[in-house]
Amino acid sequence: TIIDGSTITSTNPQTITFLNHQLVCIDNSGYIDRILSPNDTDYEAVKATAKRKQQLLSLNKDEYLLPGFIDLHIHAPQWPNAGLALDRSLNEWLNTYTFPLEAKYQEIDFAKSVYNNLVQELVNNGTTTALYFGTIHNQANLELARACNRHQQRGFIGQVTMDNREQTPGYYRDRSAQKAITKAETFIHQLMDFNKTALLHQTPVITPRFVPSCTPESLKGLGQLARQYDLPIQSHCSESDWENNYALENYHQRDAMVLDQFGLLTNKTIMAHGTLLNQSDLDLFKKAGVAIAHCPISNAYFGNAVLSVSQILEQHLKIGLGTDISGGYSPSLYRNINQAIVSSRMLHDGVDSSLPPARRGTKVAALTAKNAFYLATVGGAESLHLKTGQINPGYLADFQIVQAPYPAFMQQTTDDIFEKLMYHTTKDNITHVFVQGKLAKEGHYATQR
Ligand code: GUN
Ligand code: FE
């Protein structure tokens with residue numbers, strides 16, 4: 001397939017590259033082979049050949065080719081609660097709404113119906129890769145892998161570990177640290193087997209829920225598993241005062257330090273939230289190569305805080321964007337791009353930084369649409385060590401084709417077009433989604449071609 005049209009891609013946090021009349025050539029293994037511009041000598045010939053072979057997909061004038069988004073933190077089992085139950089603080093919310101829901105996934109039919117609907121919805125919203133928390137149930141987590149495969153999404157899937165009897169309910173808990181570790185190792189092998197016949201590779205992820213949910217024994221065992229199998233690791237870190245206080249009381253250390261002590265902070269670790277990380281935690285992350293999944297909608301509810309993204313970008317830490325369903329209500333990374341920008345404005349204290357910092361403010365906190373787009377694409381891809389998130393040769397052909405939601409009433413610069421896409425795109429404007437070169441969504445506009 002060759003896609004013919006305007007491309008928008010990010011290569012660093014500050015800038016985008018917007019190019020018209022590109023021919024994006026996808027090879028047989030689903031990577032971008034080359035990209036031709038009208039001044040390339042074989043441009044017309046390549047285009048004509050592709051057209052004759054019916055391999056040319058020409059975008060309409062108001063359509064744009066963007067990289068698919070990477071959701072760097074999402075709880076698949078919480079999808080039925082998205083948009084509900086946001087009236088409690090984190091610990092109460094977990095026990096009142098979230099653990100009872102997640103416990104239901106021992107019913108495999110329930111898992112199947114929720115997971116198929118969720119993955120389809122994410123793909124429809126332009127998300128081509130997702131880093132998932134599943135539940136403690138191996139079979140349900142395998143259903144999530146099947147749903148990803150069926151709907152053509154690249155999944156990173158976490159078998160959740162929670163074995164601490166003091167912080168988890170009897171109806172939803174791993175029976176012992178040893179059993180939890182065995183289940184996590186079993187899931188690794190189950191996914192390896194699954195991948196032998198899968199269209200898209202699905203990756204197992206070591207997933208201690210967070211420090212309070214786990215015993216020191218399970219944290220230690222999971223750290224060893226991650227090292228033995230060289231796997232990604234995910235958890236929640238410094239999301240709330242409650243969680244941080246738990247670590248201080250029980251380990252006499254901050255939660256980042258606790259995770260580090262058990263070998264859980266590596267170059268393949270992604271920690272969700274991090275709103276309360278201090279500078280020494282950030283230094284630790286930087287040294288270990290840990291990435292942060294920024295979840296701006298969720299943080300407004302549970303962190304009651306704003307992550308200082310600009311500070312993290314300045315320090316060159318890896319950082320991507322997550323929906324954190326159902327702590328976050330929306331499956332759309334566009335809405336999280338919007339919230340990342342809006343929340344950052346609350347941190348921003350404007351011109352005069354000598355005024356008392358009313359909101360822990362700094363002068364340079366405000367994010368732009370370009371910064372947030374970087375998080376949803378390049379930042380997420382780097383965090384997962386994937387060649388995706390950019391429209392450049394050698395990268396995976398993971399794309400979304402987006403139609404401008406509103407007409408251009410006046411002359412628009414490329415920056416204007418880009419900003420409007422970031423603020424207004426909904427799933428209805430996403431006409432096609434490609435994952436690894438294969439069509440995962442073909443919207444209702446496609447028939448017009
Ligand atoms: N901390 C531990 N579990 C969870 C969860 O499910 N969601 C969020 N937002 N934070 C958590
Ligand atoms: Fe979360």
# chains A, B, ... in the order shown; residues from 1 in each chain; ligands from 1
>>> residues_near_ligand(ligand="ligand 2", cutoff="12 Å", atoms="only C-alpha atoms and all ligand atoms", output="PDB file with N, CA and C atoms, in the first residue's frame")
ATOM      1  N   ASP A  71      -1.400   4.500  23.934  1.00  0.00           N
ATOM      2  CA  ASP A  71      -1.971   4.689  25.274  1.00  0.00           C
ATOM      3  C   ASP A  71      -1.041   3.982  26.250  1.00  0.00           C
ATOM      4  N   LEU A  72      -0.343   4.763  27.053  1.00  0.00           N
ATOM      5  CA  LEU A  72       0.715   4.210  27.894  1.00  0.00           C
ATOM      6  C   LEU A  72       0.222   3.749  29.274  1.00  0.00           C
ATOM      7  N   HIS A  73      -1.083   3.900  29.515  1.00  0.00           N
ATOM      8  CA  HIS A  73      -1.613   3.383  30.795  1.00  0.00           C
ATOM      9  C   HIS A  73      -3.131   3.296  30.756  1.00  0.00           C
ATOM     10  N   ILE A  74      -3.627   2.069  30.748  1.00  0.00           N
ATOM     11  CA  ILE A  74      -5.078   1.881  30.713  1.00  0.00           C
ATOM     12  C   ILE A  74      -5.444   0.570  31.406  1.00  0.00           C
ATOM     13  N   HIS A  75      -6.524   0.623  32.189  1.00  0.00           N
ATOM     14  CA  HIS A  75      -7.023  -0.584  32.874  1.00  0.00           C
ATOM     15  C   HIS A  75      -8.174  -1.147  32.054  1.00  0.00           C
ATOM     16  N   ALA A  76      -7.911  -2.197  31.284  1.00  0.00           N
ATOM     17  CA  ALA A  76      -8.958  -2.774  30.428  1.00  0.00           C
ATOM     18  C   ALA A  76     -10.214  -3.195  31.203  1.00  0.00           C
ATOM     19  N   PRO A  77     -10.077  -3.846  32.355  1.00  0.00           N
ATOM     20  CA  PRO A  77     -11.283  -4.323  33.048  1.00  0.00           C
ATOM     21  C   PRO A  77     -12.164  -3.191  33.575  1.00  0.00           C
ATOM     22  N   GLN A  78     -11.625  -1.985  33.663  1.00  0.00           N
ATOM     23  CA  GLN A  78     -12.411  -0.881  34.226  1.00  0.00           C
ATOM     24  C   GLN A  78     -13.272  -0.163  33.184  1.00  0.00           C
ATOM     25  N   LEU A  90      -8.828   7.793  46.052  1.00  0.00           N
ATOM     26  CA  LEU A  90      -8.273   6.599  45.412  1.00  0.00           C
ATOM     27  C   LEU A  90      -8.526   5.302  46.187  1.00  0.00           C
ATOM     28  N   TRP A  93     -12.167   4.450  46.348  1.00  0.00           N
ATOM     29  CA  TRP A  93     -12.624   4.150  44.989  1.00  0.00           C
ATOM     30  C   TRP A  93     -12.248   2.724  44.601  1.00  0.00           C
ATOM     31  N   LEU A  94     -11.018   2.332  44.938  1.00  0.00           N
ATOM     32  CA  LEU A  94     -10.573   0.972  44.624  1.00  0.00           C
ATOM     33  C   LEU A  94     -11.480  -0.049  45.311  1.00  0.00           C
ATOM     34  N   THR A  98     -13.868  -0.439  42.164  1.00  0.00           N
ATOM     35  CA  THR A  98     -12.941  -1.016  41.183  1.00  0.00           C
ATOM     36  C   THR A  98     -12.634  -2.495  41.438  1.00  0.00           C
ATOM     37  N   LEU A 131      -0.734  -0.057  26.459  1.00  0.00           N
ATOM     38  CA  LEU A 131      -0.109  -0.751  27.588  1.00  0.00           C
ATOM     39  C   LEU A 131      -1.195  -0.948  28.653  1.00  0.00           C
ATOM     40  N   TYR A 132      -1.639  -2.201  28.765  1.00  0.00           N
ATOM     41  CA  TYR A 132      -2.813  -2.517  29.576  1.00  0.00           C
ATOM     42  C   TYR A 132      -2.468  -3.095  30.943  1.00  0.00           C
ATOM     43  N   PHE A 133      -3.232  -2.702  31.946  1.00  0.00           N
ATOM     44  CA  PHE A 133      -3.417  -3.503  33.143  1.00  0.00           C
ATOM     45  C   PHE A 133      -4.597  -4.422  32.847  1.00  0.00           C
ATOM     46  N   GLY A 134      -4.444  -5.730  33.092  1.00  0.00           N
ATOM     47  CA  GLY A 134      -5.582  -6.650  33.043  1.00  0.00           C
ATOM     48  C   GLY A 134      -6.114  -6.832  34.452  1.00  0.00           C
ATOM     49  N   GLY A 158      -0.663  -6.714  31.041  1.00  0.00           N
ATOM     50  CA  GLY A 158      -0.172  -7.007  32.388  1.00  0.00           C
ATOM     51  C   GLY A 158      -1.097  -7.925  33.159  1.00  0.00           C
ATOM     52  N   VAL A 160      -2.059  -8.706  36.497  1.00  0.00           N
ATOM     53  CA  VAL A 160      -1.922  -7.883  37.705  1.00  0.00           C
ATOM     54  C   VAL A 160      -1.612  -8.758  38.926  1.00  0.00           C
ATOM     55  N   THR A 207       3.428  -6.756  36.309  1.00  0.00           N
ATOM     56  CA  THR A 207       2.497  -5.715  36.756  1.00  0.00           C
ATOM     57  C   THR A 207       2.113  -5.797  38.240  1.00  0.00           C
ATOM     58  N   PRO A 208       3.030  -5.417  39.133  1.00  0.00           N
ATOM     59  CA  PRO A 208       2.587  -5.239  40.521  1.00  0.00           C
ATOM     60  C   PRO A 208       1.634  -4.047  40.553  1.00  0.00           C
ATOM     61  N   ARG A 209       0.444  -4.220  41.111  1.00  0.00           N
ATOM     62  CA  ARG A 209      -0.561  -3.139  40.997  1.00  0.00           C
ATOM     63  C   ARG A 209      -0.006  -1.812  41.507  1.00  0.00           C
ATOM     64  N   PHE A 210       0.395  -1.785  42.734  1.00  0.00           N
ATOM     65  CA  PHE A 210       1.194  -0.703  43.309  1.00  0.00           C
ATOM     66  C   PHE A 210       1.700  -1.175  44.660  1.00  0.00           C
ATOM     67  N   GLN A 234       5.284  -2.491  34.704  1.00  0.00           N
ATOM     68  CA  GLN A 234       4.452  -1.302  34.920  1.00  0.00           C
ATOM     69  C   GLN A 234       3.868  -1.332  36.322  1.00  0.00           C
ATOM     70  N   SER A 235       3.625  -0.158  36.849  1.00  0.00           N
ATOM     71  CA  SER A 235       2.938  -0.039  38.130  1.00  0.00           C
ATOM     72  C   SER A 235       2.458   1.407  38.277  1.00  0.00           C
ATOM     73  N   HIS A 236       1.897   1.694  39.448  1.00  0.00           N
ATOM     74  CA  HIS A 236       1.539   3.081  39.773  1.00  0.00           C
ATOM     75  C   HIS A 236       2.577   3.608  40.751  1.00  0.00           C
ATOM     76  N   CYS A 237       3.000   4.832  40.583  1.00  0.00           N
ATOM     77  CA  CYS A 237       4.019   5.379  41.476  1.00  0.00           C
ATOM     78  C   CYS A 237       3.719   6.833  41.813  1.00  0.00           C
ATOM     79  N   SER A 238       3.772   7.138  43.101  1.00  0.00           N
ATOM     80  CA  SER A 238       3.572   8.515  43.567  1.00  0.00           C
ATOM     81  C   SER A 238       2.356   9.176  42.933  1.00  0.00           C
ATOM     82  N   GLU A 239       1.252   8.431  42.985  1.00  0.00           N
ATOM     83  CA  GLU A 239      -0.002   8.968  42.445  1.00  0.00           C
ATOM     84  C   GLU A 239      -0.747   9.773  43.495  1.00  0.00           C
ATOM     85  N   SER A 240      -0.662   9.282  44.743  1.00  0.00           N
ATOM     86  CA  SER A 240      -1.451   9.939  45.792  1.00  0.00           C
ATOM     87  C   SER A 240      -0.669   9.988  47.101  1.00  0.00           C
ATOM     88  N   ILE A 270       7.565   1.368  33.062  1.00  0.00           N
ATOM     89  CA  ILE A 270       6.676   2.514  32.858  1.00  0.00           C
ATOM     90  C   ILE A 270       5.860   2.700  34.135  1.00  0.00           C
ATOM     91  N   MET A 271       6.012   3.860  34.753  1.00  0.00           N
ATOM     92  CA  MET A 271       5.291   4.148  35.986  1.00  0.00           C
ATOM     93  C   MET A 271       4.185   5.161  35.715  1.00  0.00           C
ATOM     94  N   ALA A 272       2.956   4.802  36.117  1.00  0.00           N
ATOM     95  CA  ALA A 272       1.827   5.684  35.877  1.00  0.00           C
ATOM     96  C   ALA A 272       1.774   6.805  36.907  1.00  0.00           C
ATOM     97  N   HIS A 273       1.342   7.962  36.455  1.00  0.00           N
ATOM     98  CA  HIS A 273       1.054   9.157  37.262  1.00  0.00           C
ATOM     99  C   HIS A 273       2.299   9.937  37.663  1.00  0.00           C
ATOM    100  N   GLY A 274       2.899   9.583  38.811  1.00  0.00           N
ATOM    101  CA  GLY A 274       4.119  10.265  39.224  1.00  0.00           C
ATOM    102  C   GLY A 274       3.912  11.717  39.597  1.00  0.00           C
ATOM    103  N   ILE A 292       7.570   7.662  32.397  1.00  0.00           N
ATOM    104  CA  ILE A 292       6.356   8.052  33.128  1.00  0.00           C
ATOM    105  C   ILE A 292       5.171   8.054  32.175  1.00  0.00           C
ATOM    106  N   ALA A 293       4.067   7.440  32.622  1.00  0.00           N
ATOM    107  CA  ALA A 293       2.813   7.532  31.872  1.00  0.00           C
ATOM    108  C   ALA A 293       1.989   8.657  32.489  1.00  0.00           C
ATOM    109  N   HIS A 294       1.875   9.751  31.757  1.00  0.00           N
ATOM    110  CA  HIS A 294       1.130  10.914  32.242  1.00  0.00           C
ATOM    111  C   HIS A 294      -0.361  10.702  31.964  1.00  0.00           C
ATOM    112  N   CYS A 295      -1.171  10.788  33.006  1.00  0.00           N
ATOM    113  CA  CYS A 295      -2.607  10.529  32.877  1.00  0.00           C
ATOM    114  C   CYS A 295      -3.378  11.748  33.368  1.00  0.00           C
ATOM    115  N   PRO A 296      -3.456  12.794  32.552  1.00  0.00           N
ATOM    116  CA  PRO A 296      -3.923  14.090  33.048  1.00  0.00           C
ATOM    117  C   PRO A 296      -5.387  14.120  33.488  1.00  0.00           C
ATOM    118  N   ILE A 297      -6.246  13.352  32.815  1.00  0.00           N
ATOM    119  CA  ILE A 297      -7.656  13.370  33.252  1.00  0.00           C
ATOM    120  C   ILE A 297      -7.760  12.715  34.617  1.00  0.00           C
ATOM    121  N   SER A 298      -7.189  11.546  34.750  1.00  0.00           N
ATOM    122  CA  SER A 298      -7.229  10.822  36.019  1.00  0.00           C
ATOM    123  C   SER A 298      -6.598  11.626  37.155  1.00  0.00           C
ATOM    124  N   ASN A 299      -5.479  12.286  36.861  1.00  0.00           N
ATOM    125  CA  ASN A 299      -4.787  13.044  37.907  1.00  0.00           C
ATOM    126  C   ASN A 299      -5.662  14.146  38.501  1.00  0.00           C
ATOM    127  N   TYR A 301      -8.689  13.881  39.172  1.00  0.00           N
ATOM    128  CA  TYR A 301      -9.623  13.273  40.120  1.00  0.00           C
ATOM    129  C   TYR A 301      -8.928  12.652  41.326  1.00  0.00           C
ATOM    130  N   PHE A 302      -7.822  11.930  41.071  1.00  0.00           N
ATOM    131  CA  PHE A 302      -7.222  11.143  42.157  1.00  0.00           C
ATOM    132  C   PHE A 302      -5.934  11.744  42.702  1.00  0.00           C
ATOM    133  N   GLY A 303      -5.199  12.433  41.869  1.00  0.00           N
ATOM    134  CA  GLY A 303      -3.960  13.023  42.343  1.00  0.00           C
ATOM    135  C   GLY A 303      -4.227  14.395  42.943  1.00  0.00           C
ATOM    136  N   LEU A 321       1.643   9.357  27.206  1.00  0.00           N
ATOM    137  CA  LEU A 321       0.322   9.763  27.662  1.00  0.00           C
ATOM    138  C   LEU A 321      -0.570   8.535  27.868  1.00  0.00           C
ATOM    139  N   GLY A 322      -1.352   8.534  28.952  1.00  0.00           N
ATOM    140  CA  GLY A 322      -2.258   7.416  29.211  1.00  0.00           C
ATOM    141  C   GLY A 322      -3.656   7.889  29.540  1.00  0.00           C
ATOM    142  N   THR A 323      -4.648   7.065  29.198  1.00  0.00           N
ATOM    143  CA  THR A 323      -6.034   7.420  29.530  1.00  0.00           C
ATOM    144  C   THR A 323      -6.364   7.060  30.976  1.00  0.00           C
ATOM    145  N   ASP A 324      -5.675   6.039  31.528  1.00  0.00           N
ATOM    146  CA  ASP A 324      -5.990   5.508  32.859  1.00  0.00           C
ATOM    147  C   ASP A 324      -7.474   5.222  33.042  1.00  0.00           C
ATOM    148  N   ILE A 325      -8.140   4.721  32.007  1.00  0.00           N
ATOM    149  CA  ILE A 325      -9.513   4.257  32.249  1.00  0.00           C
ATOM    150  C   ILE A 325      -9.493   3.316  33.442  1.00  0.00           C
ATOM    151  N   SER A 326     -10.459   3.411  34.416  1.00  0.00           N
ATOM    152  CA  SER A 326     -11.527   4.372  34.482  1.00  0.00           C
ATOM    153  C   SER A 326     -11.275   5.473  35.507  1.00  0.00           C
ATOM    154  N   GLY A 327     -10.020   5.583  35.985  1.00  0.00           N
ATOM    155  CA  GLY A 327      -9.655   6.766  36.748  1.00  0.00           C
ATOM    156  C   GLY A 327      -9.815   7.983  35.848  1.00  0.00           C
ATOM    157  N   GLY A 328      -9.519   7.780  34.568  1.00  0.00           N
ATOM    158  CA  GLY A 328      -9.831   8.767  33.530  1.00  0.00           C
ATOM    159  C   GLY A 328     -11.077   8.299  32.804  1.00  0.00           C
ATOM    160  N   TYR A 329     -11.975   9.193  32.458  1.00  0.00           N
ATOM    161  CA  TYR A 329     -13.274   8.762  31.916  1.00  0.00           C
ATOM    162  C   TYR A 329     -13.261   8.509  30.407  1.00  0.00           C
TER     163      TYR A 329
END
>>> select_by_dssp(residues="stretch 1-130 of chain A", states="strand (DSSP E or B)", output="VMD selection string")
chain A and resid 2 to 12 15 to 26 31 to 36 56 to 58 63 to 67 69 to 75 127 to 130
>>> write_last_selection(atoms="N, CA and C atoms", output="compact mmCIF listing (two decimals), in the first residue's frame")
# COMPACT_ATOMS: atom_id res chain seq x y z
N ILE A 2 0.40 2.24 -0.75
CA ILE A 2 1.04 3.55 -0.71
C ILE A 2 -0.02 4.59 -0.36
N ILE A 3 0.26 5.37 0.65
CA ILE A 3 -0.69 6.41 1.05
C ILE A 3 -0.18 7.75 0.50
N ASP A 4 -1.10 8.47 -0.13
CA ASP A 4 -0.75 9.69 -0.84
C ASP A 4 -1.48 10.86 -0.17
N GLY A 5 -0.71 11.75 0.48
CA GLY A 5 -1.37 12.88 1.12
C GLY A 5 -0.45 13.66 2.03
N SER A 6 -1.07 14.46 2.91
CA SER A 6 -0.31 15.30 3.84
C SER A 6 -0.01 14.52 5.11
N THR A 7 1.23 14.61 5.57
CA THR A 7 1.62 13.90 6.79
C THR A 7 1.98 14.88 7.90
N ILE A 8 1.64 14.49 9.11
CA ILE A 8 2.01 15.29 10.28
C ILE A 8 2.70 14.37 11.27
N THR A 9 3.93 14.71 11.64
CA THR A 9 4.64 13.86 12.60
C THR A 9 5.48 14.72 13.53
N SER A 10 5.78 14.15 14.69
CA SER A 10 6.55 14.86 15.70
C SER A 10 7.89 14.16 15.82
N THR A 11 8.94 14.90 15.96
CA THR A 11 10.23 14.23 16.17
C THR A 11 10.87 14.67 17.48
N ASN A 12 10.48 15.82 17.97
CA ASN A 12 10.94 16.26 19.30
C ASN A 12 9.77 16.99 19.97
N THR A 15 8.48 20.59 18.17
CA THR A 15 8.12 20.88 16.78
C THR A 15 7.43 19.70 16.10
N ILE A 16 6.65 20.02 15.05
CA ILE A 16 6.08 18.99 14.20
C ILE A 16 6.62 19.21 12.78
N THR A 17 6.55 18.14 12.00
CA THR A 17 6.85 18.26 10.58
C THR A 17 5.57 18.01 9.80
N PHE A 18 5.18 18.98 9.01
CA PHE A 18 3.93 18.91 8.23
C PHE A 18 4.31 18.97 6.77
N LEU A 19 4.05 17.91 6.02
CA LEU A 19 4.46 17.84 4.62
C LEU A 19 3.28 17.50 3.73
N ASN A 20 3.15 18.21 2.62
CA ASN A 20 2.08 17.93 1.67
C ASN A 20 2.54 16.99 0.56
N HIS A 21 1.58 16.33 -0.06
CA HIS A 21 1.83 15.49 -1.25
C HIS A 21 2.94 14.45 -1.04
N GLN A 22 2.86 13.75 0.05
CA GLN A 22 3.84 12.70 0.30
C GLN A 22 3.30 11.36 -0.21
N LEU A 23 4.21 10.50 -0.65
CA LEU A 23 3.84 9.11 -0.94
C LEU A 23 4.51 8.24 0.13
N VAL A 24 3.68 7.69 1.02
CA VAL A 24 4.22 6.88 2.11
C VAL A 24 4.10 5.41 1.72
N CYS A 25 5.23 4.78 1.47
CA CYS A 25 5.24 3.40 0.96
C CYS A 25 5.42 2.42 2.11
N ILE A 26 4.48 1.46 2.20
CA ILE A 26 4.51 0.47 3.28
C ILE A 26 5.01 -0.86 2.71
N TYR A 31 6.26 -2.07 7.73
CA TYR A 31 7.09 -0.91 8.07
C TYR A 31 7.03 0.12 6.94
N ILE A 32 7.36 1.35 7.26
CA ILE A 32 7.47 2.39 6.24
C ILE A 32 8.81 2.17 5.52
N ASP A 33 8.67 1.93 4.24
CA ASP A 33 9.82 1.59 3.42
C ASP A 33 10.53 2.88 3.00
N ARG A 34 9.78 3.74 2.32
CA ARG A 34 10.32 5.05 1.96
C ARG A 34 9.19 6.05 1.83
N ILE A 35 9.55 7.32 1.85
CA ILE A 35 8.56 8.38 1.69
C ILE A 35 9.05 9.30 0.57
N LEU A 36 8.21 9.44 -0.45
CA LEU A 36 8.62 10.26 -1.60
C LEU A 36 7.93 11.61 -1.58
N LEU A 56 -2.96 2.36 -4.27
CA LEU A 56 -2.81 3.75 -3.84
C LEU A 56 -4.04 4.19 -3.05
N LEU A 57 -3.78 4.70 -1.86
CA LEU A 57 -4.86 5.30 -1.07
C LEU A 57 -4.61 6.80 -1.04
N SER A 58 -5.44 7.53 -1.79
CA SER A 58 -5.26 8.98 -1.84
C SER A 58 -6.16 9.68 -0.84
N GLU A 63 -8.02 15.70 4.63
CA GLU A 63 -7.59 14.58 5.45
C GLU A 63 -6.08 14.61 5.66
N TYR A 64 -5.65 14.07 6.80
CA TYR A 64 -4.23 14.11 7.17
C TYR A 64 -3.80 12.77 7.71
N LEU A 65 -2.56 12.40 7.40
CA LEU A 65 -2.00 11.14 7.90
C LEU A 65 -1.16 11.44 9.14
N LEU A 66 -1.56 10.85 10.27
CA LEU A 66 -0.86 11.04 11.54
C LEU A 66 -0.40 9.67 12.06
N PRO A 67 0.60 9.65 12.92
CA PRO A 67 0.96 8.38 13.55
C PRO A 67 -0.19 7.93 14.46
N PHE A 69 -1.78 6.63 17.89
CA PHE A 69 -1.42 7.00 19.26
C PHE A 69 -1.06 5.79 20.11
N ILE A 70 -0.29 6.04 21.15
CA ILE A 70 0.10 5.01 22.10
C ILE A 70 -0.50 5.35 23.46
N ASP A 71 -1.40 4.50 23.93
CA ASP A 71 -1.97 4.69 25.27
C ASP A 71 -1.04 3.98 26.25
N LEU A 72 -0.34 4.76 27.05
CA LEU A 72 0.72 4.21 27.89
C LEU A 72 0.22 3.75 29.27
N HIS A 73 -1.08 3.90 29.52
CA HIS A 73 -1.61 3.38 30.79
C HIS A 73 -3.13 3.30 30.76
N ILE A 74 -3.63 2.07 30.75
CA ILE A 74 -5.08 1.88 30.71
C ILE A 74 -5.44 0.57 31.41
N HIS A 75 -6.52 0.62 32.19
CA HIS A 75 -7.02 -0.58 32.87
C HIS A 75 -8.17 -1.15 32.05
N THR A 127 -5.97 4.79 18.62
CA THR A 127 -4.94 4.19 19.46
C THR A 127 -4.49 2.87 18.86
N THR A 128 -3.24 2.82 18.41
CA THR A 128 -2.74 1.63 17.71
C THR A 128 -1.90 0.72 18.61
N THR A 129 -1.43 1.27 19.73
CA THR A 129 -0.69 0.48 20.72
C THR A 129 -1.20 0.85 22.10
N ALA A 130 -1.37 -0.15 22.98
CA ALA A 130 -1.82 0.17 24.34
C ALA A 130 -1.08 -0.69 25.35
>>> atom_distance(atom1="atom CA of A:Glu442", atom2="atom CA of A:Gln152")
12.3 Å
>>> atom_distance(atom1="atom CA of A:Gly379", atom2="atom CA of A:His316")
10.6 Å
>>> closest_residue(among="A:Val306, A:Ala440, A:Leu384, A:Val205", to="A:Ala291", atoms="only C-alpha atoms")
A:Leu384
>>> atom_distance(atom1="atom CA of A:Ala48", atom2="atom CA of A:Thr413")
29.6 Å
>>> closest_residue(among="A:Leu317, A:Leu276, A:Ala247, A:Leu307", to="A:Gly380", atoms="only C-alpha atoms")
A:Leu317
>>> closest_residue(among="A:Ile337, A:Leu191, A:Val211, A:Ala111", to="ligand 1", atoms="only C-alpha atoms and all ligand atoms")
A:Val211
>>> residues_around(residues="A:Ala140", least_positions_apart="3", cutoff="7 Å", atoms="only C-alpha atoms", output="number ranges by chain")
A: 105-106, 108, 111, 137, 143-144
>>> select_by_dssp(residues="stretch 7-166 of chain A", states="alpha helix (DSSP H)", output="PyMOL selection string")
chain A and resi 43-52+90-93+99-103+108-124+138-151
>>> closest_residue(among="A:Arg173, A:His189, A:Arg88, A:Arg254", to="A:Leu277", atoms="only C-alpha atoms")
A:Arg254
>>> closest_residue(among="A:Phe409, A:Phe110, A:Phe434, A:Phe418", to="A:Leu396", atoms="only C-alpha atoms")
A:Phe434
>>> closest_residue(among="A:Asn81, A:Gln120, A:Gln224, A:Ser113", to="ligand 1", atoms="only C-alpha atoms and all ligand atoms")
A:Asn81
>>> decode(residues="stretch 278-293 of chain A", atoms="N, CA and C atoms", output="compact mmCIF listing (two decimals), in the first residue's frame")
# COMPACT_ATOMS: atom_id res chain seq x y z
N ASN A 278 9.40 13.53 43.77
CA ASN A 278 10.27 14.67 44.05
C ASN A 278 11.54 14.57 43.20
N GLN A 279 12.43 15.54 43.35
CA GLN A 279 13.59 15.56 42.46
C GLN A 279 14.47 14.32 42.63
N SER A 280 14.58 13.80 43.84
CA SER A 280 15.45 12.62 43.99
C SER A 280 14.79 11.40 43.36
N ASP A 281 13.45 11.32 43.39
CA ASP A 281 12.75 10.23 42.66
C ASP A 281 13.01 10.36 41.16
N LEU A 282 12.92 11.59 40.67
CA LEU A 282 13.13 11.81 39.23
C LEU A 282 14.57 11.45 38.83
N ASP A 283 15.52 11.76 39.71
CA ASP A 283 16.91 11.38 39.44
C ASP A 283 17.05 9.87 39.34
N LEU A 284 16.35 9.20 40.24
CA LEU A 284 16.35 7.73 40.24
C LEU A 284 15.76 7.19 38.93
N PHE A 285 14.66 7.78 38.50
CA PHE A 285 14.02 7.37 37.24
C PHE A 285 14.97 7.59 36.07
N LYS A 286 15.60 8.74 36.10
CA LYS A 286 16.50 9.10 35.00
C LYS A 286 17.65 8.10 34.91
N LYS A 287 18.22 7.80 36.04
CA LYS A 287 19.37 6.90 36.10
C LYS A 287 18.99 5.49 35.62
N ALA A 288 17.81 5.04 36.04
CA ALA A 288 17.38 3.68 35.68
C ALA A 288 16.77 3.61 34.28
N GLY A 289 16.38 4.75 33.72
CA GLY A 289 15.73 4.77 32.41
C GLY A 289 14.24 4.52 32.47
N VAL A 290 13.63 4.83 33.61
CA VAL A 290 12.19 4.62 33.80
C VAL A 290 11.38 5.69 33.06
N ALA A 291 10.29 5.26 32.44
CA ALA A 291 9.39 6.19 31.76
C ALA A 291 8.17 6.50 32.64
N ILE A 292 7.57 7.66 32.40
CA ILE A 292 6.36 8.05 33.13
C ILE A 292 5.17 8.05 32.17
N ALA A 293 4.07 7.44 32.62
CA ALA A 293 2.81 7.53 31.87
C ALA A 293 1.99 8.66 32.49
